[in-house]
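Novice: Following this message is one structure expressed as structure tokens.
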Amino acid sequence: MQNAYSPQVIEKKWQAKWEKDKLYRSVIDHSQPKHYALTMLPYPSGDLHIGHWFSMTPPDARARFKRMQGFNVMFPMGFDAFGLPAENAAIKDGVHPMKRTFQNIERMRKQMRSMGAMFDWEREAVSADPEYYKWTEWFFIQLYKMGLAYRKMSAVDWCPHCNTTLAREQVWGEDRHCERCGTPVIKKNLEQWFFQATKYADELLNFDGLDWPQTVKTLQTNWIGRSEGASVIFKTAPSSPPPFSPKMGEEKGGGDDIEIFTTRPDTLWGATFMVFSPEHPLVEKVTSPEQKAAVEAYKMQAARQSDIEREAVDKEKTGVFTGGYAINPVNQAHIQIWIADYVLMSYGTGAIMAVPAHDERDFAFAKKYDLPIIPVIQPVGASHDSPLQAAYVGDGVMVNSAQFNGTKVNTEKGRKNPGISKVIDWLASQGIGKEAVNYRYRDWLISRQRYWGAPIPMIHCEKHGWNPVPEDQLPVLLPEDVEWKPTGESPLKLHPTWKNTICPICGEPAERETDTMDSFMCSSWYHLRYLSPHYDKGPFDPKEYDYWMPVDTYTGGIEHATMHLQYTRFFHKAMRDAGVTKGDEPMMQLRNQGMVLGEDNEKMSKSRGNVIAPDVLVNQYGADTVRAYLMFFARWGMGAPWDSQGIEGSARWIRRVWTLFTDRTPTGAASDETKKNLRRNVHQTLKRVTRDFENFEFNTIISSLMELLNDMYKAREAGAVGSSEWSEAQEIYLKMLAPVAPHIAEELWTNRLHKKYSIHQQSWPKVDEEAAKEDMLEIPVQVNGKVRDRVLVSAEADEEEIRSTALASEIVQKFLEGKEPKKVIVAQKRLVSVVV
RNA sequence: GCCGAAGUGGCGGAACUGGCAGACGCGCACGACUCAAACUCGUGUUCCUUCGGGAUUGAGGGUUCAAGUCCCUCCUUCGGCACCA
């Protein structure tokens with residue numbers, strides 16, 4: 001047996017043996033509590049990145065820890081294998097995405113095996129495998145049958161670089177760029193498939209029972225953007241200007257409903273004009289002949305501007321009077337209807353009532369175009385400046401509001417606001433409005449004009465419209481012989497025969513949908529495919545589902561907060577309602593890792609040349625050292641820049657572990673005190689390490705283990721070798737090390753301590769609280785808030801004893817200068833504070 | 001503008017419920033080993049200091065015997081949302 005530490009030898013050896021022995025195979029066992037640990041699956045980009053190691057190996061250590069604690073742990077891995085990069089590469093060099101993807105997967109599997117992670121490869125799932133995407137298609141059909149999948153023509157986001165539409169969640173930042181490639185998107189009017197996620201908006205806002213980071217919950221909550229208020233029906237007024245005539249109703253035109261949404265129904269009496277989005281369907285009808293030219297010109301100008309320009313916040317508000325009037329239903333006032341691009345067709349109803357006195361935007365608009373401003377909320381005990389200098393948005397009482405005058409209004413939203421609540425009830429009783437909730441949230445656009453995705457299993461027939469592919473004909477397979485051209489249409493559309501099929505209703509010739517699904521659809525349910533990746537009677541085996549689901553701990557990057565993490569919750573709830581899944585949530589606990597940055601403190605990228613390759617590190621240091629360093633070098637939840645020198649510290653530690661366990665050291669004769677201290681250190685460390693594993697605090701696990709190793713070296717110096725305390729320390733040390741550095745722990749356990757293979761099947765040691773207790777405590781003594789001395793007392797000492805010992809200290813006496821202390825505080829057994 | 005996260009030595013970071021700030025590691029310095037270097041081992045390492053101490057957790061206030069931790073005001077960095085009615 002070699003004495004030098006050679007990770008390259010022992011790591012390969014143990015990986016092979018563990019695999020041969022199926023050590024990490026997870027099977028249903030009702031005698032054990034289960035633990036489903038899941039980490040976000042990678043896209044097979046070709047090479048495993050250090051970021052993959054950072055997101056996978058600490059959770060692997062925790063899964064191993066859970067297993068040693070007696071849980072039946074499932075820790076699966078797979079590939080999110082559909083997606084644009086493979087297809088874009090195919091356009092460039094002609095290599096088929098399928099070939100490239102499966103080659104990349106092969107390579108990454110191999111790299112992943114070098115991690116020494118406890119992945120159960122028999123549960124592997126690959127989303128681009130027909131065995132998998134058959135069920136992605138099946139899920140689409142279930143959603144369709146529930147009425148949750150529908151087709152709609154609308155202005156959608158289009159990425160000109162990726163040549164496809166995108167979901168709203170996949171368009172980021174102020175410049176509205178594509179989440180994948182960074183190219184600013186444009187709007188296109190297209191008919192696309194959507195999932196009606198908005199139906200679940202309220203349920204998605206409820207995080208009860210979920211142990212998720214507050215930040216993710218907040219991001220999702222803001223994304224859904226629920227606001228409470230009222231919808232109110234205004235009417236268009238007759239076309240001529242409003243001469244005060246008793247026969248008004250007989251005049252021509254008018255009478256069309258204008259529905260608006262407002263969060264401030266309490267300010268309805270202050271609505272002095274209305275604003276329509278330029279695209280509003282009533283614009284043409286209300287526009288007077290005199291204003292027609294101006295309105296048309298404004299509409300043209302608005303249409304030419306990009307959304308980004310239109311939505312720029314600090315842009316000065318512009319608009320045009322339509323010449324038309326509306327009637328405010330609460331007071332019959334005739335008010336002008338304007339069009340302005342600050343009102344968006346995509347939110348609410350595309351029309352607003354404008355209350356300049358109490359809304360900053362409306363105020364600015366009214367000032368600019370000299371429209372009337374009528375205050376209807378008065379601060380309590382004060383009156384408004386006249387004229388109003390700015391919109392008043394604070395609390396107060398209603399004025400100029402007929403029977404509501406004097407009603408209190410606070411700054412709460414919705415029903416919590418007494419003024420709003422009363423007005424909503426009245427509107428409803430009058431039949432002119434009702435309580436309403438509006439969301440920023442949009443339905444999920446899932447059509448992609450690309451080849452490398454799961455086909456949308458729908459057929460279009462001239463006579464029978466859209467119908468799903470019969471389930472017994474699934475999967476709709478992707479054809480292999482396609483042309484790669486970035487045309488903006490799916491290559492499936494250009495394929496000579498693929499789209500030709502027959503209508504499932506009438507049997508006449510019909511066409512397949514040639515768009516494919518957003519790959520986030522594939523990843524919405526991968527955690528279910530792991531349950532039984534080869535099951536063919538359904539997407540998963542219900543027996544496996546009942547045992548393993550829900551996911552106990554889910555780990556991954558926070559960048560998916562409003563994408564994958566939100567989609568998968570929607571998916572789970574929809575499938576629950578379809579009777580496919582159970583429970584309300586798919587993943588109970590969520591933790592996010594941070595990002596490993598380059599040594600230059602920048603995001604790692606090939607173009608910056610700051611990429612750290614894990615393979616190189618594994619060759620140089622071994623996987624155990626890389627794992628340990630990744631757990632140690634940063635708070636896992638935060639991430640940090642990589643430090644090539646820093647890894648030397650972890651390498652040194654692992655080598656020192658090796659040395660301590662392999663050096664031949666003669667049996668010594670340590671003092672009882674040495675042995676007792678050793679035991680205490682061991683059990684105190686065990687306590688901390690157990691706690692930190694539970695809390696995903698990996699960096700302090702490693703520092704505790706480093707500290708204990710230093711203590712063990714000292715104990716060895718003091719002659720502890722040969723004692724039962726030494727043997728216990730060795731045993732516990734390796735068990736604590738096993739989740740972190742599984743190979744060296746196994747080697748030392750099996751071949752040096754000659755314990756029973758495998759260390760990974762041992763149970764987690766129990767803390768001996770007695771042994772962990774201190775005998776003597778060193779208590780700092782403060783005089784006027786400054787630590788002046790430290791006194792030793794027995795751990796059993798009571799408060800009085802601690803007090804008198806502290807006061808007896810010479811140094812403390814010196815600082816007292818003969819005076820009596822005003823106050824002496826004994827803070828538990830931690831500190832004595834003397835106040836003079 | 002709104003919401004959220006984070007600011008601690010040269011660097012990554014530690015500090016359980018308000019109770020010794022800087023654990024652990026990197027780096028650096030010195031020493032041992034060596035012909036020499038690397039490795040390894042040991043010692044030191046927040047700053048200032050008249051060696052008594054003093055200052056110190058982004059800045060400034062406050063609460064407290066005691067604040068990195070609690071409260072208020074502000075600054076910086078990062079992330080999200082944004083004319084959302």
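How things are named: the first chain in the structure tokens is A, the next is B, and so on; residues count from 1 in each chain; ligands count from 1 in the order shown.
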DSSP on the backbone: which residues in range 38-225 of chain A end up as helix (DSSP H, G or I)? Give the answer as a PyMOL selection string.
Specialist: chain A and resi 50-68+84-93+97-113+121-123+130-145+168-170+197-204+214-224
Novice: Excluding range 640-656 of chain A and its own-chain neighbours fewer than 3 positions away, which residues fall within 8 Å of it when counting only C-alpha atoms (C1' of nucleotides)? Please give them as a ChimeraX atom specification.
Specialist: /A:5,594-602,621,624-626,628-629,632-635,659-660,706 /B:12,25-26
Novice: Would you save the residues from that selection as an mmCIF file, in the first residue's frame, using N, CA and C atoms (P, O5', C5', C4', C3', O3' and C1' of nucleotides)?
Specialist:
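So out36.cif came out as:
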data_model
loop_
_atom_site.group_PDB
_atom_site.id
_atom_site.type_symbol
_atom_site.label_atom_id
_atom_site.label_comp_id
_atom_site.auth_asym_id
_atom_site.auth_seq_id
_atom_site.Cartn_x
_atom_site.Cartn_y
_atom_site.Cartn_z
ATOM 1 N N TYR A 5 -0.418 10.329 -0.491
ATOM 2 C CA TYR A 5 -1.823 10.566 -0.849
ATOM 3 C C TYR A 5 -1.917 10.741 -2.359
ATOM 4 N N GLY A 594 -25.032 30.796 -4.580
ATOM 5 C CA GLY A 594 -24.571 32.009 -5.252
ATOM 6 C C GLY A 594 -23.809 31.640 -6.513
ATOM 7 N N MET A 595 -23.026 32.568 -6.993
ATOM 8 C CA MET A 595 -22.309 32.334 -8.233
ATOM 9 C C MET A 595 -20.808 32.364 -8.002
ATOM 10 N N VAL A 596 -20.097 31.441 -8.671
ATOM 11 C CA VAL A 596 -18.643 31.480 -8.624
ATOM 12 C C VAL A 596 -18.190 32.446 -9.710
ATOM 13 N N LEU A 597 -17.529 33.511 -9.311
ATOM 14 C CA LEU A 597 -17.035 34.483 -10.290
ATOM 15 C C LEU A 597 -15.601 34.146 -10.660
ATOM 16 N N GLY A 598 -15.133 34.758 -11.733
ATOM 17 C CA GLY A 598 -13.741 34.578 -12.140
ATOM 18 C C GLY A 598 -12.808 35.279 -11.172
ATOM 19 N N GLU A 599 -11.512 35.022 -11.325
ATOM 20 C CA GLU A 599 -10.550 35.628 -10.398
ATOM 21 C C GLU A 599 -10.516 37.141 -10.538
ATOM 22 N N ASP A 600 -11.035 37.632 -11.662
ATOM 23 C CA ASP A 600 -11.091 39.078 -11.880
ATOM 24 C C ASP A 600 -12.383 39.679 -11.319
ATOM 25 N N ASN A 601 -13.125 38.847 -10.555
ATOM 26 C CA ASN A 601 -14.356 39.321 -9.920
ATOM 27 C C ASN A 601 -15.470 39.576 -10.941
ATOM 28 N N GLU A 602 -15.308 39.039 -12.142
ATOM 29 C CA GLU A 602 -16.327 39.190 -13.177
ATOM 30 C C GLU A 602 -16.980 37.841 -13.409
ATOM 31 N N TYR A 621 -5.592 18.294 -8.061
ATOM 32 C CA TYR A 621 -5.795 18.187 -6.607
ATOM 33 C C TYR A 621 -6.623 16.981 -6.168
ATOM 34 N N ASP A 624 -11.873 15.347 -4.056
ATOM 35 C CA ASP A 624 -12.142 15.637 -2.646
ATOM 36 C C ASP A 624 -11.713 17.054 -2.279
ATOM 37 N N THR A 625 -10.548 17.456 -2.764
ATOM 38 C CA THR A 625 -10.060 18.798 -2.472
ATOM 39 C C THR A 625 -10.935 19.846 -3.151
ATOM 40 N N VAL A 626 -11.323 19.589 -4.391
ATOM 41 C CA VAL A 626 -12.165 20.549 -5.108
ATOM 42 C C VAL A 626 -13.507 20.695 -4.387
ATOM 43 N N ALA A 628 -14.117 20.119 -1.223
ATOM 44 C CA ALA A 628 -13.896 20.798 0.061
ATOM 45 C C ALA A 628 -13.721 22.295 -0.154
ATOM 46 N N TYR A 629 -12.958 22.654 -1.189
ATOM 47 C CA TYR A 629 -12.723 24.078 -1.414
ATOM 48 C C TYR A 629 -14.018 24.795 -1.805
ATOM 49 N N PHE A 632 -15.842 25.532 1.150
ATOM 50 C CA PHE A 632 -15.145 26.376 2.104
ATOM 51 C C PHE A 632 -14.975 27.822 1.661
ATOM 52 N N PHE A 633 -14.767 28.044 0.368
ATOM 53 C CA PHE A 633 -14.217 29.336 -0.073
ATOM 54 C C PHE A 633 -15.214 30.495 -0.030
ATOM 55 N N ALA A 634 -16.510 30.190 0.087
ATOM 56 C CA ALA A 634 -17.497 31.262 0.098
ATOM 57 C C ALA A 634 -18.698 30.776 0.892
ATOM 58 N N ARG A 635 -19.561 31.723 1.262
ATOM 59 C CA ARG A 635 -20.848 31.269 1.771
ATOM 60 C C ARG A 635 -21.552 30.709 0.545
ATOM 61 N N THR A 659 -2.161 12.452 6.279
ATOM 62 C CA THR A 659 -0.954 12.234 7.085
ATOM 63 C C THR A 659 -1.321 11.774 8.494
ATOM 64 N N LEU A 660 -2.298 12.412 9.086
ATOM 65 C CA LEU A 660 -2.651 12.047 10.466
ATOM 66 C C LEU A 660 -3.105 10.590 10.555
ATOM 67 N N MET A 706 -11.312 21.606 10.081
ATOM 68 C CA MET A 706 -9.897 22.011 10.080
ATOM 69 C C MET A 706 -9.418 22.217 11.512
ATOM 70 P P G B 12 -12.871 40.049 0.097
ATOM 71 O "O5'" G B 12 -13.047 38.483 0.267
ATOM 72 C "C5'" G B 12 -13.174 37.662 -0.886
ATOM 73 C "C4'" G B 12 -13.350 36.234 -0.460
ATOM 74 C "C3'" G B 12 -14.442 35.999 0.568
ATOM 75 O "O3'" G B 12 -15.722 35.992 -0.037
ATOM 76 C "C1'" G B 12 -12.510 34.802 1.198
ATOM 77 P P G B 25 -6.467 27.050 9.892
ATOM 78 O "O5'" G B 25 -6.588 27.642 8.420
ATOM 79 C "C5'" G B 25 -6.874 26.774 7.324
ATOM 80 C "C4'" G B 25 -7.246 27.573 6.109
ATOM 81 C "C3'" G B 25 -6.183 28.446 5.480
ATOM 82 O "O3'" G B 25 -5.220 27.689 4.772
ATOM 83 C "C1'" G B 25 -8.232 29.598 5.498
ATOM 84 P P C B 26 -3.797 28.314 4.494
ATOM 85 O "O5'" C B 26 -4.101 29.437 3.403
ATOM 86 C "C5'" C B 26 -4.503 29.067 2.090
ATOM 87 C "C4'" C B 26 -4.768 30.306 1.280
ATOM 88 C "C3'" C B 26 -3.577 31.228 1.088
ATOM 89 O "O3'" C B 26 -2.714 30.760 0.064
ATOM 90 C "C1'" C B 26 -5.467 32.500 1.675
#
Novice: With a distance threshold of 10 Å and counting only C-alpha atoms (C1' of nucleotides), extract the residues of chain B near chain A and express them as a short mmCIF file (atom, residue, chain, number, x, y, z; two decimals) with N, CA and C atoms (P, O5', C5', C4', C3', O3' and C1' of nucleotides), in the first residue's frame.
Specialist:
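Saved as selection_27.cif:
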data_model
loop_
_atom_site.label_atom_id
_atom_site.label_comp_id
_atom_site.auth_asym_id
_atom_site.auth_seq_id
_atom_site.Cartn_x
_atom_site.Cartn_y
_atom_site.Cartn_z
P G B 1 -34.94 58.26 -6.86
"O5'" G B 1 -36.38 57.58 -6.76
"C5'" G B 1 -37.50 58.32 -6.30
"C4'" G B 1 -38.72 57.56 -6.65
"C3'" G B 1 -38.87 56.22 -5.94
"O3'" G B 1 -39.47 56.39 -4.68
"C1'" G B 1 -39.25 55.93 -8.27
P C B 3 -40.36 50.72 -0.90
"O5'" C B 3 -40.10 49.21 -1.32
"C5'" C B 3 -41.18 48.28 -1.36
"C4'" C B 3 -40.69 46.97 -1.95
"C3'" C B 3 -39.47 46.36 -1.27
"O3'" C B 3 -39.78 45.72 -0.06
"C1'" C B 3 -39.19 46.26 -3.61
P G B 4 -38.64 45.72 1.11
"O5'" G B 4 -37.56 44.68 0.55
"C5'" G B 4 -37.89 43.31 0.43
"C4'" G B 4 -36.82 42.58 -0.33
"C3'" G B 4 -35.44 42.57 0.29
"O3'" G B 4 -35.36 41.65 1.36
"C1'" G B 4 -35.24 42.97 -2.02
P A B 5 -34.26 41.91 2.53
"O5'" A B 5 -32.90 41.48 1.83
"C5'" A B 5 -32.67 40.12 1.46
"C4'" A B 5 -31.36 40.01 0.73
"C3'" A B 5 -30.15 40.52 1.49
"O3'" A B 5 -29.66 39.58 2.42
"C1'" A B 5 -30.11 41.37 -0.71
P A B 6 -28.94 40.12 3.78
"O5'" A B 6 -27.59 40.77 3.20
"C5'" A B 6 -26.60 39.93 2.65
"C4'" A B 6 -25.55 40.75 1.97
"C3'" A B 6 -24.76 41.69 2.86
"O3'" A B 6 -23.82 41.00 3.64
"C1'" A B 6 -25.31 42.78 0.85
P C B 11 -9.12 43.85 1.90
"O5'" C B 11 -9.05 42.42 1.23
"C5'" C B 11 -9.09 42.27 -0.19
"C4'" C B 11 -9.12 40.80 -0.52
"C3'" C B 11 -10.29 40.03 0.08
"O3'" C B 11 -11.47 40.19 -0.66
"C1'" C B 11 -8.29 38.83 0.45
P G B 12 -12.87 40.05 0.10
"O5'" G B 12 -13.05 38.48 0.27
"C5'" G B 12 -13.17 37.66 -0.89
"C4'" G B 12 -13.35 36.23 -0.46
"C3'" G B 12 -14.44 36.00 0.57
"O3'" G B 12 -15.72 35.99 -0.04
"C1'" G B 12 -12.51 34.80 1.20
P G B 13 -16.99 36.38 0.81
"O5'" G B 13 -17.01 35.21 1.87
"C5'" G B 13 -17.58 35.37 3.15
"C4'" G B 13 -16.86 34.43 4.09
"C3'" G B 13 -17.32 34.49 5.53
"O3'" G B 13 -18.33 33.51 5.72
"C1'" G B 13 -15.00 34.84 5.45
P A B 14 -19.43 33.74 6.76
"O5'" A B 14 -18.69 33.56 8.16
"C5'" A B 14 -18.26 32.27 8.53
"C4'" A B 14 -17.70 32.27 9.92
"C3'" A B 14 -18.63 32.74 11.02
"O3'" A B 14 -19.55 31.74 11.35
"C1'" A B 14 -16.44 33.57 11.36
P C B 16 -23.93 34.43 15.97
"O5'" C B 16 -25.00 33.36 16.47
"C5'" C B 16 -25.35 32.27 15.61
"C4'" C B 16 -25.94 31.18 16.46
"C3'" C B 16 -27.01 31.65 17.44
"O3'" C B 16 -28.29 31.58 16.85
"C1'" C B 16 -25.40 30.34 18.57
P G B 19 -25.31 38.03 21.76
"O5'" G B 19 -24.12 38.35 22.77
"C5'" G B 19 -23.26 39.45 22.50
"C4'" G B 19 -22.19 39.52 23.55
"C3'" G B 19 -21.59 38.17 23.93
"O3'" G B 19 -20.22 38.39 24.22
"C1'" G B 19 -22.56 39.18 25.83
P C B 20 -19.14 38.31 23.03
"O5'" C B 20 -17.83 38.54 23.91
"C5'" C B 20 -17.59 39.79 24.55
"C4'" C B 20 -16.12 40.01 24.57
"C3'" C B 20 -15.45 39.98 23.20
"O3'" C B 20 -14.38 40.91 23.19
"C1'" C B 20 -14.49 38.33 24.54
P A B 23 -9.01 35.21 13.84
"O5'" A B 23 -9.28 33.70 14.24
"C5'" A B 23 -9.69 33.36 15.55
"C4'" A B 23 -10.68 32.23 15.50
"C3'" A B 23 -10.35 31.10 14.51
"O3'" A B 23 -9.44 30.19 15.08
"C1'" A B 23 -12.60 31.72 14.26
P C B 24 -8.12 29.80 14.32
"O5'" C B 24 -8.68 29.17 12.96
"C5'" C B 24 -9.32 27.90 12.94
"C4'" C B 24 -9.86 27.62 11.56
"C3'" C B 24 -8.87 27.87 10.43
"O3'" C B 24 -7.99 26.78 10.26
"C1'" C B 24 -10.92 28.90 9.90
P G B 25 -6.47 27.05 9.89
"O5'" G B 25 -6.59 27.64 8.42
"C5'" G B 25 -6.87 26.77 7.32
"C4'" G B 25 -7.25 27.57 6.11
"C3'" G B 25 -6.18 28.45 5.48
"O3'" G B 25 -5.22 27.69 4.77
"C1'" G B 25 -8.23 29.60 5.50
P C B 26 -3.80 28.31 4.49
"O5'" C B 26 -4.10 29.44 3.40
"C5'" C B 26 -4.50 29.07 2.09
"C4'" C B 26 -4.77 30.31 1.28
"C3'" C B 26 -3.58 31.23 1.09
"O3'" C B 26 -2.71 30.76 0.06
"C1'" C B 26 -5.47 32.50 1.67
P G B 27 -1.15 30.88 0.29
"O5'" G B 27 -0.92 32.45 0.33
"C5'" G B 27 -1.14 33.25 -0.84
"C4'" G B 27 -1.06 34.71 -0.47
"C3'" G B 27 0.24 35.14 0.19
"O3'" G B 27 1.23 35.42 -0.78
"C1'" G B 27 -1.59 35.97 1.45
P C B 65 -28.86 50.53 31.18
"O5'" C B 65 -27.33 50.06 31.09
"C5'" C B 65 -26.34 50.74 31.84
"C4'" C B 65 -25.06 49.95 31.79
"C3'" C B 65 -24.64 49.50 30.40
"O3'" C B 65 -23.93 50.52 29.72
"C1'" C B 65 -24.51 47.66 31.87
P A B 66 -24.21 50.78 28.20
"O5'" A B 66 -23.74 49.42 27.54
"C5'" A B 66 -22.34 49.12 27.48
"C4'" A B 66 -22.13 47.75 26.89
"C3'" A B 66 -22.73 47.56 25.51
"O3'" A B 66 -21.86 48.05 24.53
"C1'" A B 66 -23.27 45.71 26.89
P G B 79 -26.58 43.60 -11.38
"O5'" G B 79 -27.88 42.94 -10.77
"C5'" G B 79 -27.97 41.52 -10.67
"C4'" G B 79 -29.22 41.13 -9.93
"C3'" G B 79 -30.51 41.64 -10.52
"O3'" G B 79 -30.93 40.91 -11.65
"C1'" G B 79 -30.55 41.97 -8.20
P G B 80 -31.76 41.64 -12.79
"O5'" G B 80 -33.21 41.73 -12.14
"C5'" G B 80 -33.92 40.54 -11.83
"C4'" G B 80 -35.14 40.88 -11.04
"C3'" G B 80 -36.11 41.83 -11.71
"O3'" G B 80 -36.90 41.20 -12.67
"C1'" G B 80 -35.79 42.49 -9.48
P C B 81 -37.31 41.99 -13.99
"O5'" C B 81 -38.38 43.01 -13.42
"C5'" C B 81 -39.61 42.52 -12.88
"C4'" C B 81 -40.36 43.64 -12.25
"C3'" C B 81 -40.66 44.83 -13.14
"O3'" C B 81 -41.70 44.58 -14.06
"C1'" C B 81 -39.94 45.60 -11.05
P A B 82 -41.55 45.20 -15.53
"O5'" A B 82 -41.72 46.75 -15.25
"C5'" A B 82 -42.98 47.25 -14.85
"C4'" A B 82 -42.81 48.62 -14.28
"C3'" A B 82 -42.51 49.73 -15.26
"O3'" A B 82 -43.67 50.07 -15.99
"C1'" A B 82 -41.22 50.03 -13.31
P C B 83 -43.52 50.96 -17.27
"O5'" C B 83 -44.36 52.26 -16.89
"C5'" C B 83 -44.02 52.99 -15.72
"C4'" C B 83 -45.03 54.09 -15.47
"C3'" C B 83 -46.48 53.67 -15.69
"O3'" C B 83 -47.29 54.21 -14.64
"C1'" C B 83 -45.99 55.57 -16.95
P C B 84 -47.25 53.48 -13.16
"O5'" C B 84 -48.17 52.24 -13.46
"C5'" C B 84 -49.60 52.34 -13.43
"C4'" C B 84 -50.15 51.01 -12.96
"C3'" C B 84 -49.33 50.40 -11.81
"O3'" C B 84 -50.03 50.20 -10.62
"C1'" C B 84 -49.37 48.91 -13.73
P A B 85 -51.30 49.95 -10.12
"O5'" A B 85 -52.16 51.24 -10.43
"C5'" A B 85 -53.54 51.09 -10.63
"C4'" A B 85 -54.05 52.29 -11.39
"C3'" A B 85 -55.46 52.15 -11.94
"O3'" A B 85 -56.43 52.41 -10.97
"C1'" A B 85 -54.04 53.02 -13.61
#
Novice: I'd like the interatomic distance between CA of Thr674 in chain A and CA of Ala715 in chain A, to a tenth of an Å.
Specialist: 6.5 Å
Novice: Show me, as a PyMOL selection string, the residues that have an atom within 12 Å of G62 in chain B when counting only C-alpha atoms (C1' of nucleotides), minus same-chain residues fewer than 5 positions from it.
Specialist: chain B and resi 67+70-73
Novice: Would you please give, as JSON, numbers by chain, all residues of range 145-192 of chain A that DSSP assigns to strand (DSSP E) based on the backbone?
Specialist: {"A": [149, 150, 151, 152, 153, 154, 155, 156, 157, 158, 159, 164, 165, 166, 171, 172, 177, 178, 186, 187, 188, 189, 190, 191, 192]}
